[in-house]
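Beneath this line is the structure, given in structure tokens, with notes to follow.
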Amino acid sequence: MTKQMSEGQRAYEAKRAAKAGMSLEKWLASKERERAEAEKARELASKPPPEPKKPGFFGRLMERATKPL
């Protein structure tokens, strides 16, 4: 998070970092990493699922065998 933060924001993030036992720089880096992972997960979730495969030879035979006459 290289964007400019106000003094209040910086103090708030410093308190959260201290509570987590990290330095402010480490805390901001971990927040950025989590944000990137969430973005990647959101991207993967938005992709449509792959089309199901057509049944193979034995699958078609089994399908025919189980159909009622």
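Here's how to read the names in the structure tokens: chain A, B, ... by the order shown, residue numbers from 1 in each chain, ligand numbers from 1 in the order shown.
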What's the 10 Å shell around segment 27-29 of chain A, counting only C-alpha atoms, without same-chain residues fewer than 4 positions away, as an NGL selection string? :A and (1-2 or 13-14 or 16-18 or 20-23 or 33-35)
Selection file, N, CA and C atoms, as a PDB file, in the first residue's frame:
ATOM      1  N   MET A   1       0.848  -1.171   0.000  1.00  0.00           N
ATOM      2  CA  MET A   1       0.000   0.000   0.000  1.00  0.00           C
ATOM      3  C   MET A   1       0.891   1.231   0.000  1.00  0.00           C
ATOM      4  N   THR A   2       1.271   1.677  -1.160  1.00  0.00           N
ATOM      5  CA  THR A   2       2.175   2.805  -1.257  1.00  0.00           C
ATOM      6  C   THR A   2       1.418   4.117  -1.364  1.00  0.00           C
ATOM      7  N   GLU A  13      -3.271   2.204  11.702  1.00  0.00           N
ATOM      8  CA  GLU A  13      -2.593   1.019  11.174  1.00  0.00           C
ATOM      9  C   GLU A  13      -1.403   0.641  12.059  1.00  0.00           C
ATOM     10  N   ALA A  14      -0.730   1.627  12.634  1.00  0.00           N
ATOM     11  CA  ALA A  14       0.389   1.335  13.539  1.00  0.00           C
ATOM     12  C   ALA A  14      -0.104   0.619  14.789  1.00  0.00           C
ATOM     13  N   ARG A  16      -2.804  -1.300  14.982  1.00  0.00           N
ATOM     14  CA  ARG A  16      -3.177  -2.655  14.570  1.00  0.00           C
ATOM     15  C   ARG A  16      -1.934  -3.518  14.371  1.00  0.00           C
ATOM     16  N   ALA A  17      -0.880  -2.922  13.798  1.00  0.00           N
ATOM     17  CA  ALA A  17       0.364  -3.660  13.597  1.00  0.00           C
ATOM     18  C   ALA A  17       0.991  -4.031  14.935  1.00  0.00           C
ATOM     19  N   ALA A  18       0.972  -3.110  15.880  1.00  0.00           N
ATOM     20  CA  ALA A  18       1.542  -3.388  17.198  1.00  0.00           C
ATOM     21  C   ALA A  18       0.751  -4.485  17.902  1.00  0.00           C
ATOM     22  N   ALA A  20      -0.772  -6.889  16.467  1.00  0.00           N
ATOM     23  CA  ALA A  20      -0.445  -8.149  15.802  1.00  0.00           C
ATOM     24  C   ALA A  20       1.019  -8.531  16.004  1.00  0.00           C
ATOM     25  N   GLY A  21       1.812  -7.652  16.618  1.00  0.00           N
ATOM     26  CA  GLY A  21       3.217  -7.950  16.882  1.00  0.00           C
ATOM     27  C   GLY A  21       4.090  -7.790  15.654  1.00  0.00           C
ATOM     28  N   MET A  22       3.756  -6.844  14.782  1.00  0.00           N
ATOM     29  CA  MET A  22       4.516  -6.606  13.542  1.00  0.00           C
ATOM     30  C   MET A  22       4.915  -5.145  13.468  1.00  0.00           C
ATOM     31  N   SER A  23       5.856  -4.878  12.569  1.00  0.00           N
ATOM     32  CA  SER A  23       6.180  -3.490  12.287  1.00  0.00           C
ATOM     33  C   SER A  23       5.132  -2.952  11.313  1.00  0.00           C
ATOM     34  N   ARG A  33      -0.658  -8.115   0.422  1.00  0.00           N
ATOM     35  CA  ARG A  33      -0.607  -9.500  -0.052  1.00  0.00           C
ATOM     36  C   ARG A  33      -1.987 -10.152   0.065  1.00  0.00           C
ATOM     37  N   GLU A  34      -2.681  -9.933   1.183  1.00  0.00           N
ATOM     38  CA  GLU A  34      -4.029 -10.478   1.367  1.00  0.00           C
ATOM     39  C   GLU A  34      -4.997  -9.903   0.344  1.00  0.00           C
ATOM     40  N   ARG A  35      -4.858  -8.604   0.056  1.00  0.00           N
ATOM     41  CA  ARG A  35      -5.725  -7.966  -0.935  1.00  0.00           C
ATOM     42  C   ARG A  35      -5.501  -8.573  -2.317  1.00  0.00           C
TER      43      ARG A  35
END
Could you give me, as a ChimeraX atom specification, each residue of chain A that DSSP assigns to helix (DSSP H, G or I) when run on this structure's backbone? /A:7-20,24-46,57-66
Restricting it to C-alpha atoms, dump the selection as a PDB file, in the first residue's frame.
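After the write, out-v9.pdb holds the following:
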ATOM      1  CA  GLU A   7      -1.660  10.796  10.084  1.00  0.00           C
ATOM      2  CA  GLY A   8      -4.829   9.343  11.601  1.00  0.00           C
ATOM      3  CA  GLN A   9      -4.792   6.402   9.205  1.00  0.00           C
ATOM      4  CA  ARG A  10      -1.101   5.809   9.825  1.00  0.00           C
ATOM      5  CA  ALA A  11      -1.637   5.869  13.605  1.00  0.00           C
ATOM      6  CA  TYR A  12      -4.582   3.457  13.323  1.00  0.00           C
ATOM      7  CA  GLU A  13      -2.593   1.019  11.174  1.00  0.00           C
ATOM      8  CA  ALA A  14       0.389   1.335  13.539  1.00  0.00           C
ATOM      9  CA  LYS A  15      -1.853   0.346  16.481  1.00  0.00           C
ATOM     10  CA  ARG A  16      -3.177  -2.655  14.570  1.00  0.00           C
ATOM     11  CA  ALA A  17       0.364  -3.660  13.597  1.00  0.00           C
ATOM     12  CA  ALA A  18       1.542  -3.388  17.198  1.00  0.00           C
ATOM     13  CA  LYS A  19      -1.405  -5.483  18.358  1.00  0.00           C
ATOM     14  CA  ALA A  20      -0.445  -8.149  15.802  1.00  0.00           C
ATOM     15  CA  LEU A  24       4.055  -1.040  10.325  1.00  0.00           C
ATOM     16  CA  GLU A  25       5.852  -1.861   7.051  1.00  0.00           C
ATOM     17  CA  LYS A  26       5.371  -5.604   7.570  1.00  0.00           C
ATOM     18  CA  TRP A  27       1.714  -5.052   8.464  1.00  0.00           C
ATOM     19  CA  LEU A  28       1.052  -2.991   5.332  1.00  0.00           C
ATOM     20  CA  ALA A  29       2.859  -5.554   3.169  1.00  0.00           C
ATOM     21  CA  SER A  30       0.745  -8.389   4.608  1.00  0.00           C
ATOM     22  CA  LYS A  31      -2.445  -6.390   4.017  1.00  0.00           C
ATOM     23  CA  GLU A  32      -1.402  -5.798   0.391  1.00  0.00           C
ATOM     24  CA  ARG A  33      -0.607  -9.500  -0.052  1.00  0.00           C
ATOM     25  CA  GLU A  34      -4.029 -10.478   1.367  1.00  0.00           C
ATOM     26  CA  ARG A  35      -5.725  -7.966  -0.935  1.00  0.00           C
ATOM     27  CA  ALA A  36      -3.921  -9.439  -3.957  1.00  0.00           C
ATOM     28  CA  GLU A  37      -4.898 -12.996  -2.944  1.00  0.00           C
ATOM     29  CA  ALA A  38      -8.533 -11.961  -2.548  1.00  0.00           C
ATOM     30  CA  GLU A  39      -8.459 -10.302  -5.966  1.00  0.00           C
ATOM     31  CA  LYS A  40      -6.998 -13.456  -7.519  1.00  0.00           C
ATOM     32  CA  ALA A  41      -9.640 -15.646  -5.821  1.00  0.00           C
ATOM     33  CA  ARG A  42     -12.396 -13.314  -7.041  1.00  0.00           C
ATOM     34  CA  GLU A  43     -10.953 -13.537 -10.554  1.00  0.00           C
ATOM     35  CA  LEU A  44     -10.899 -17.347 -10.461  1.00  0.00           C
ATOM     36  CA  ALA A  45     -14.470 -17.476  -9.122  1.00  0.00           C
ATOM     37  CA  SER A  46     -15.741 -15.299 -11.959  1.00  0.00           C
ATOM     38  CA  PHE A  57     -16.982 -45.396 -25.312  1.00  0.00           C
ATOM     39  CA  PHE A  58     -17.607 -47.414 -22.146  1.00  0.00           C
ATOM     40  CA  GLY A  59     -19.600 -44.584 -20.596  1.00  0.00           C
ATOM     41  CA  ARG A  60     -21.948 -44.553 -23.572  1.00  0.00           C
ATOM     42  CA  LEU A  61     -22.269 -48.353 -23.402  1.00  0.00           C
ATOM     43  CA  MET A  62     -23.133 -48.199 -19.691  1.00  0.00           C
ATOM     44  CA  GLU A  63     -25.653 -45.431 -20.341  1.00  0.00           C
ATOM     45  CA  ARG A  64     -27.383 -47.559 -22.986  1.00  0.00           C
ATOM     46  CA  ALA A  65     -27.268 -50.642 -20.786  1.00  0.00           C
ATOM     47  CA  THR A  66     -28.978 -48.879 -17.880  1.00  0.00           C
TER      48      THR A  66
END
